[in-house]
Amino acid sequence: MCHHCDYADLLDAGNLGVTENRLKVLEVIGGNNFPLSVGDVYDTLARTGPINRVTVYRILDTLVEHGLIERISTGGRAFCYGLAPNENHPSHPHFYCKQCGQMNCLNPKSLPMDTDPLSKTFPGRIDKVEVRVDGICRNCLRLAEKG
Ligand SMILES: [Zn+2]
Ligand SMILES: [Zn+2]
Ligand SMILES: [Zn+2]
């Protein structure tokens, strides 16, 4: 898990009460180095104790609404969830494999996201920039070569 983020503090800062389930969801998402689907979050939590799938959905929605985690769109209808950028986690692009559906976090420096030029010409307010790079991951490429 991430040793920099204090999830109770994050909940506090987001004006959210600290509950055991919210902390658990944050720990699962923050402890992972790639974004997770709802199913992944649920499966991980279900291993440690009984939890309702609806509860997981509700908590994810609340955490997104309060800006603690972000919803990242995959190529299909599904979403993945990762920690929202904060002082310990710079905003970064994601790679989506069209073959296996795996989503990965890319190094923030590999594709710098500088919104300064845009904010100089764009008349509105920019809250979030989402960059998703689609392609075929290394594993899938390797399998294709063998095939
Ligand atoms: Zn962290
Ligand atoms: Zn793949
Ligand atoms: Zn990420």
# chains A, B, ... in the order shown; residues from 1 in each chain; ligands from 1
>>> residues_near_ligand(ligand="ligand 2", cutoff="7 Å", atoms="only C-alpha atoms and all ligand atoms", output="mmCIF file with N, CA and C atoms, in the first residue's frame")
data_model
loop_
_atom_site.group_PDB
_atom_site.id
_atom_site.type_symbol
_atom_site.label_atom_id
_atom_site.label_comp_id
_atom_site.auth_asym_id
_atom_site.auth_seq_id
_atom_site.Cartn_x
_atom_site.Cartn_y
_atom_site.Cartn_z
ATOM 1 N N CYS A 97 -4.929 -1.716 -22.985
ATOM 2 C CA CYS A 97 -4.680 -2.751 -23.988
ATOM 3 C C CYS A 97 -6.005 -3.197 -24.596
ATOM 4 N N LYS A 98 -6.117 -3.016 -25.918
ATOM 5 C CA LYS A 98 -7.358 -3.347 -26.610
ATOM 6 C C LYS A 98 -7.578 -4.857 -26.677
ATOM 7 N N GLN A 99 -6.497 -5.593 -26.474
ATOM 8 C CA GLN A 99 -6.582 -7.049 -26.572
ATOM 9 C C GLN A 99 -7.088 -7.673 -25.268
ATOM 10 N N CYS A 100 -6.406 -7.387 -24.159
ATOM 11 C CA CYS A 100 -6.749 -8.069 -22.900
ATOM 12 C C CYS A 100 -7.534 -7.161 -21.945
ATOM 13 N N GLY A 101 -7.671 -5.884 -22.291
ATOM 14 C CA GLY A 101 -8.462 -4.990 -21.450
ATOM 15 C C GLY A 101 -7.735 -4.508 -20.213
ATOM 16 N N GLN A 102 -6.474 -4.870 -20.059
ATOM 17 C CA GLN A 102 -5.705 -4.432 -18.893
ATOM 18 C C GLN A 102 -5.371 -2.950 -19.022
ATOM 19 N N ILE A 136 -1.671 -2.239 -27.795
ATOM 20 C CA ILE A 136 -1.544 -3.642 -27.411
ATOM 21 C C ILE A 136 -0.386 -3.738 -26.435
ATOM 22 N N CYS A 137 -0.642 -4.358 -25.282
ATOM 23 C CA CYS A 137 0.403 -4.422 -24.257
ATOM 24 C C CYS A 137 1.496 -5.422 -24.634
ATOM 25 N N ARG A 138 2.574 -5.391 -23.887
ATOM 26 C CA ARG A 138 3.732 -6.228 -24.182
ATOM 27 C C ARG A 138 3.378 -7.711 -24.150
ATOM 28 N N ASN A 139 2.603 -8.110 -23.130
ATOM 29 C CA ASN A 139 2.232 -9.524 -23.018
ATOM 30 C C ASN A 139 1.462 -9.997 -24.235
ATOM 31 N N CYS A 140 0.496 -9.203 -24.644
ATOM 32 C CA CYS A 140 -0.320 -9.583 -25.793
ATOM 33 C C CYS A 140 0.507 -9.616 -27.071
#
>>> select_by_dssp(residues="chain A", states="strand (DSSP E or B)", output="list in words")
Leu36, Ser37, Ile69, Glu70, Arg71, Ile72, Ser73, Phe79, Cys80, Tyr81, Gly82, Leu83, Asn86, His89, His94, Phe95, Tyr96, Cys97, Met103, Asn104, Cys105, Arg132, Val133, Asp134 and Gly135 of chain A
>>> write_last_selection(atoms="N, CA, C and O atoms", output="compact mmCIF listing (two decimals), in the first residue's frame")
# COMPACT_ATOMS: atom_id res chain seq x y z
N LEU A 36 -8.16 -0.15 -10.99
CA LEU A 36 -8.95 -1.36 -10.77
C LEU A 36 -10.38 -1.18 -11.25
O LEU A 36 -10.95 -0.10 -11.17
N SER A 37 -10.97 -2.29 -11.71
CA SER A 37 -12.38 -2.26 -12.05
C SER A 37 -13.20 -2.45 -10.77
O SER A 37 -12.65 -2.83 -9.73
N ILE A 69 -10.89 9.75 -5.58
CA ILE A 69 -10.44 8.81 -6.60
C ILE A 69 -10.97 9.30 -7.94
O ILE A 69 -11.85 10.15 -7.99
N GLU A 70 -10.41 8.77 -9.02
CA GLU A 70 -10.92 9.18 -10.33
C GLU A 70 -11.39 7.97 -11.11
O GLU A 70 -10.89 6.86 -10.95
N ARG A 71 -12.38 8.24 -11.93
CA ARG A 71 -12.95 7.22 -12.79
C ARG A 71 -12.26 7.35 -14.13
O ARG A 71 -12.26 8.42 -14.73
N ILE A 72 -11.68 6.28 -14.58
CA ILE A 72 -10.93 6.32 -15.83
C ILE A 72 -11.67 5.46 -16.85
O ILE A 72 -11.97 4.29 -16.59
N SER A 73 -12.00 6.05 -18.00
CA SER A 73 -12.77 5.27 -18.97
C SER A 73 -11.87 4.31 -19.74
O SER A 73 -10.77 4.66 -20.14
N PHE A 79 -15.46 1.11 -16.44
CA PHE A 79 -14.58 2.13 -15.88
C PHE A 79 -13.57 1.46 -14.96
O PHE A 79 -13.82 0.39 -14.42
N CYS A 80 -12.45 2.13 -14.79
CA CYS A 80 -11.50 1.70 -13.79
C CYS A 80 -11.36 2.84 -12.80
O CYS A 80 -11.71 3.98 -13.09
N TYR A 81 -10.85 2.50 -11.64
CA TYR A 81 -10.71 3.50 -10.59
C TYR A 81 -9.27 3.57 -10.10
O TYR A 81 -8.64 2.54 -9.87
N GLY A 82 -8.78 4.78 -9.94
CA GLY A 82 -7.44 4.99 -9.40
C GLY A 82 -7.51 6.18 -8.46
O GLY A 82 -8.48 6.93 -8.46
N LEU A 83 -6.48 6.35 -7.65
CA LEU A 83 -6.44 7.52 -6.76
C LEU A 83 -6.44 8.78 -7.61
O LEU A 83 -5.77 8.84 -8.64
N ASN A 86 -3.06 13.76 -6.24
CA ASN A 86 -2.92 14.56 -5.02
C ASN A 86 -1.43 14.85 -4.85
O ASN A 86 -0.64 14.54 -5.74
N HIS A 89 0.61 11.92 -5.59
CA HIS A 89 0.38 11.20 -6.84
C HIS A 89 0.10 12.18 -7.98
O HIS A 89 -1.03 12.66 -8.12
N HIS A 94 -2.76 6.93 -18.86
CA HIS A 94 -2.98 5.50 -18.71
C HIS A 94 -2.89 4.80 -20.05
O HIS A 94 -3.19 5.38 -21.09
N PHE A 95 -2.47 3.56 -19.99
CA PHE A 95 -2.40 2.75 -21.20
C PHE A 95 -3.48 1.68 -21.14
O PHE A 95 -3.63 0.98 -20.14
N TYR A 96 -4.24 1.57 -22.20
CA TYR A 96 -5.30 0.57 -22.25
C TYR A 96 -5.00 -0.43 -23.35
O TYR A 96 -4.82 -0.04 -24.52
N CYS A 97 -4.93 -1.72 -22.99
CA CYS A 97 -4.68 -2.75 -23.99
C CYS A 97 -6.00 -3.20 -24.60
O CYS A 97 -6.88 -3.68 -23.90
N MET A 103 -5.51 -2.24 -17.89
CA MET A 103 -5.19 -0.83 -17.89
C MET A 103 -3.98 -0.60 -17.00
O MET A 103 -3.87 -1.18 -15.93
N ASN A 104 -3.05 0.24 -17.46
CA ASN A 104 -1.86 0.50 -16.67
C ASN A 104 -1.59 1.98 -16.51
O ASN A 104 -1.92 2.77 -17.38
N CYS A 105 -0.96 2.32 -15.37
CA CYS A 105 -0.55 3.69 -15.14
C CYS A 105 0.77 3.91 -15.85
O CYS A 105 1.68 3.08 -15.74
N ARG A 132 -5.69 8.81 -22.25
CA ARG A 132 -5.63 7.36 -22.34
C ARG A 132 -4.97 6.98 -23.65
O ARG A 132 -5.40 7.41 -24.71
N VAL A 133 -3.92 6.20 -23.53
CA VAL A 133 -3.23 5.72 -24.71
C VAL A 133 -3.73 4.30 -24.97
O VAL A 133 -3.66 3.45 -24.08
N ASP A 134 -4.26 4.05 -26.15
CA ASP A 134 -4.75 2.71 -26.49
C ASP A 134 -3.73 1.97 -27.34
O ASP A 134 -3.06 2.58 -28.16
N GLY A 135 -3.65 0.68 -27.15
CA GLY A 135 -2.74 -0.10 -27.97
C GLY A 135 -2.76 -1.55 -27.54
O GLY A 135 -3.75 -2.03 -27.00
>>> closest_residue(among="A:Ser91, A:Asn15, A:Ser110, A:Thr121", to="His66 in chain A", atoms="only C-alpha atoms")
A:Asn15
>>> select_by_dssp(residues="range 46-122 of chain A", states="helix (DSSP H, G or I)", output="mmCIF file with C-alpha atoms, in the first residue's frame")
data_model
loop_
_atom_site.group_PDB
_atom_site.id
_atom_site.type_symbol
_atom_site.label_atom_id
_atom_site.label_comp_id
_atom_site.auth_asym_id
_atom_site.auth_seq_id
_atom_site.Cartn_x
_atom_site.Cartn_y
_atom_site.Cartn_z
ATOM 1 C CA ALA A 46 -14.670 -9.850 -0.306
ATOM 2 C CA ARG A 47 -11.519 -11.819 0.513
ATOM 3 C CA THR A 48 -11.121 -9.986 3.815
ATOM 4 C CA ARG A 53 -21.494 -5.199 -4.013
ATOM 5 C CA VAL A 54 -23.952 -2.286 -3.885
ATOM 6 C CA THR A 55 -21.992 -0.831 -0.964
ATOM 7 C CA VAL A 56 -18.814 -0.958 -3.034
ATOM 8 C CA TYR A 57 -20.525 0.852 -5.933
ATOM 9 C CA ARG A 58 -21.912 3.498 -3.593
ATOM 10 C CA ILE A 59 -18.562 4.124 -1.914
ATOM 11 C CA LEU A 60 -16.772 4.379 -5.266
ATOM 12 C CA ASP A 61 -19.338 6.942 -6.460
ATOM 13 C CA THR A 62 -18.983 8.973 -3.267
ATOM 14 C CA LEU A 63 -15.196 8.949 -3.441
ATOM 15 C CA VAL A 64 -15.311 10.065 -7.093
ATOM 16 C CA GLU A 65 -17.799 12.835 -6.293
ATOM 17 C CA ASP A 116 -0.967 25.993 -19.206
ATOM 18 C CA PRO A 117 -1.138 26.715 -22.956
ATOM 19 C CA LEU A 118 -4.741 25.509 -23.019
ATOM 20 C CA SER A 119 -5.826 27.509 -20.000
ATOM 21 C CA LYS A 120 -4.468 30.658 -21.678
ATOM 22 C CA THR A 121 -6.802 30.258 -24.660
#
>>> residues_near_ligand(ligand="ligand 1", cutoff="10 Å", atoms="only C-alpha atoms and all ligand atoms", output="list in words")
Met1, Cys2, His3, His4, Cys5, Asp6, Tyr7, Leu10, Leu26, Glu27, Ile29, Gly30, Gly31, Asn32, Leu83, Ala84, Pro85, Asn86, Glu87, Asn88 and His89 of chain A
>>> residues_around(residues="Lys109 in chain A", least_positions_apart="6", cutoff="10 Å", atoms="only C-alpha atoms", output="number ranges by chain")
A: 90-93
>>> closest_residue(among="A:Val18, A:Lys128, A:Phe34, A:Leu143", to="ligand 3", atoms="only C-alpha atoms and all ligand atoms")
A:Phe34
>>> closest_residue(among="A:Gly39, A:Gly17, A:Pro108, A:Gly76", to="ligand 3", atoms="only C-alpha atoms and all ligand atoms")
A:Pro108
>>> closest_residue(among="A:Pro123, A:Pro35, A:Val131, A:Pro112", to="ligand 3", atoms="only C-alpha atoms and all ligand atoms")
A:Pro35
>>> atom_distance(atom1="CA of Asn52 in chain A", atom2="CA of Asp9 in chain A")
24.9 Å
>>> closest_residue(among="A:Lys146, A:Glu130, A:Thr74, A:Asp43", to="Val28 in chain A", atoms="only C-alpha atoms")
A:Asp43
>>> closest_residue(among="A:Asp40, A:Gly49, A:Ile126, A:Asn107", to="ligand 3", atoms="only C-alpha atoms and all ligand atoms")
A:Asn107
>>> decode(residues="range 87-112 of chain A", atoms="N, CA, C and O atoms", output="mmCIF file, in the first residue's frame")
data_model
loop_
_atom_site.group_PDB
_atom_site.id
_atom_site.type_symbol
_atom_site.label_atom_id
_atom_site.label_comp_id
_atom_site.auth_asym_id
_atom_site.auth_seq_id
_atom_site.Cartn_x
_atom_site.Cartn_y
_atom_site.Cartn_z
ATOM 1 N N GLU A 87 -1.046 15.421 -3.727
ATOM 2 C CA GLU A 87 0.352 15.852 -3.624
ATOM 3 C C GLU A 87 1.347 14.687 -3.719
ATOM 4 O O GLU A 87 2.483 14.876 -4.116
ATOM 5 N N ASN A 88 0.884 13.464 -3.395
ATOM 6 C CA ASN A 88 1.774 12.309 -3.510
ATOM 7 C C ASN A 88 1.678 11.614 -4.866
ATOM 8 O O ASN A 88 2.517 10.804 -5.221
ATOM 9 N N HIS A 89 0.613 11.915 -5.589
ATOM 10 C CA HIS A 89 0.377 11.205 -6.843
ATOM 11 C C HIS A 89 0.096 12.185 -7.977
ATOM 12 O O HIS A 89 -1.028 12.657 -8.117
ATOM 13 N N PRO A 90 1.125 12.483 -8.774
ATOM 14 C CA PRO A 90 0.914 13.413 -9.881
ATOM 15 C C PRO A 90 -0.023 12.805 -10.920
ATOM 16 O O PRO A 90 -0.093 11.572 -11.060
ATOM 17 N N SER A 91 -0.735 13.649 -11.596
ATOM 18 C CA SER A 91 -1.617 13.196 -12.648
ATOM 19 C C SER A 91 -0.784 12.528 -13.744
ATOM 20 O O SER A 91 0.329 12.955 -14.045
ATOM 21 N N HIS A 92 -1.286 11.441 -14.306
ATOM 22 C CA HIS A 92 -0.492 10.671 -15.272
ATOM 23 C C HIS A 92 -1.388 10.020 -16.320
ATOM 24 O O HIS A 92 -2.568 9.802 -16.068
ATOM 25 N N PRO A 93 -0.854 9.717 -17.471
ATOM 26 C CA PRO A 93 -1.651 9.047 -18.504
ATOM 27 C C PRO A 93 -1.807 7.557 -18.212
ATOM 28 O O PRO A 93 -1.071 6.992 -17.397
ATOM 29 N N HIS A 94 -2.762 6.935 -18.864
ATOM 30 C CA HIS A 94 -2.978 5.499 -18.711
ATOM 31 C C HIS A 94 -2.886 4.802 -20.052
ATOM 32 O O HIS A 94 -3.189 5.379 -21.091
ATOM 33 N N PHE A 95 -2.466 3.556 -19.992
ATOM 34 C CA PHE A 95 -2.401 2.747 -21.202
ATOM 35 C C PHE A 95 -3.480 1.676 -21.138
ATOM 36 O O PHE A 95 -3.626 0.981 -20.140
ATOM 37 N N TYR A 96 -4.242 1.570 -22.204
ATOM 38 C CA TYR A 96 -5.301 0.566 -22.248
ATOM 39 C C TYR A 96 -5.002 -0.426 -23.352
ATOM 40 O O TYR A 96 -4.824 -0.039 -24.516
ATOM 41 N N CYS A 97 -4.929 -1.716 -22.985
ATOM 42 C CA CYS A 97 -4.680 -2.751 -23.988
ATOM 43 C C CYS A 97 -6.005 -3.197 -24.596
ATOM 44 O O CYS A 97 -6.883 -3.683 -23.898
ATOM 45 N N LYS A 98 -6.117 -3.016 -25.918
ATOM 46 C CA LYS A 98 -7.358 -3.347 -26.610
ATOM 47 C C LYS A 98 -7.578 -4.857 -26.677
ATOM 48 O O LYS A 98 -8.678 -5.326 -26.911
ATOM 49 N N GLN A 99 -6.497 -5.593 -26.474
ATOM 50 C CA GLN A 99 -6.582 -7.049 -26.572
ATOM 51 C C GLN A 99 -7.088 -7.673 -25.268
ATOM 52 O O GLN A 99 -8.075 -8.374 -25.254
ATOM 53 N N CYS A 100 -6.406 -7.387 -24.159
ATOM 54 C CA CYS A 100 -6.749 -8.069 -22.900
ATOM 55 C C CYS A 100 -7.534 -7.161 -21.945
ATOM 56 O O CYS A 100 -8.016 -7.614 -20.910
ATOM 57 N N GLY A 101 -7.671 -5.884 -22.291
ATOM 58 C CA GLY A 101 -8.462 -4.990 -21.450
ATOM 59 C C GLY A 101 -7.735 -4.508 -20.213
ATOM 60 O O GLY A 101 -8.306 -3.796 -19.386
ATOM 61 N N GLN A 102 -6.474 -4.870 -20.059
ATOM 62 C CA GLN A 102 -5.705 -4.432 -18.893
ATOM 63 C C GLN A 102 -5.371 -2.950 -19.022
ATOM 64 O O GLN A 102 -5.041 -2.469 -20.097
ATOM 65 N N MET A 103 -5.510 -2.242 -17.887
ATOM 66 C CA MET A 103 -5.194 -0.830 -17.894
ATOM 67 C C MET A 103 -3.981 -0.599 -17.004
ATOM 68 O O MET A 103 -3.874 -1.184 -15.932
ATOM 69 N N ASN A 104 -3.052 0.240 -17.456
ATOM 70 C CA ASN A 104 -1.857 0.501 -16.669
ATOM 71 C C ASN A 104 -1.591 1.980 -16.513
ATOM 72 O O ASN A 104 -1.922 2.773 -17.384
ATOM 73 N N CYS A 105 -0.963 2.317 -15.371
ATOM 74 C CA CYS A 105 -0.554 3.695 -15.137
ATOM 75 C C CYS A 105 0.774 3.914 -15.845
ATOM 76 O O CYS A 105 1.677 3.080 -15.742
ATOM 77 N N LEU A 106 0.898 5.013 -16.541
ATOM 78 C CA LEU A 106 2.168 5.352 -17.172
ATOM 79 C C LEU A 106 2.901 6.369 -16.308
ATOM 80 O O LEU A 106 2.288 7.093 -15.519
ATOM 81 N N ASN A 107 4.206 6.394 -16.474
ATOM 82 C CA ASN A 107 5.021 7.356 -15.755
ATOM 83 C C ASN A 107 4.536 8.779 -16.069
ATOM 84 O O ASN A 107 4.354 9.114 -17.234
ATOM 85 N N PRO A 108 4.325 9.598 -15.043
ATOM 86 C CA PRO A 108 3.823 10.963 -15.282
ATOM 87 C C PRO A 108 4.719 11.748 -16.227
ATOM 88 O O PRO A 108 4.263 12.635 -16.944
ATOM 89 N N LYS A 109 6.012 11.412 -16.244
ATOM 90 C CA LYS A 109 6.949 12.171 -17.077
ATOM 91 C C LYS A 109 7.008 11.654 -18.510
ATOM 92 O O LYS A 109 7.571 12.299 -19.386
ATOM 93 N N SER A 110 6.433 10.465 -18.748
ATOM 94 C CA SER A 110 6.534 9.876 -20.088
ATOM 95 C C SER A 110 5.703 10.630 -21.111
ATOM 96 O O SER A 110 5.978 10.599 -22.301
ATOM 97 N N LEU A 111 4.657 11.269 -20.648
ATOM 98 C CA LEU A 111 3.797 12.032 -21.553
ATOM 99 C C LEU A 111 3.306 13.231 -20.742
ATOM 100 O O LEU A 111 2.249 13.174 -20.139
ATOM 101 N N PRO A 112 4.124 14.280 -20.686
ATOM 102 C CA PRO A 112 3.791 15.410 -19.810
ATOM 103 C C PRO A 112 2.451 16.039 -20.189
ATOM 104 O O PRO A 112 2.161 16.190 -21.367
#
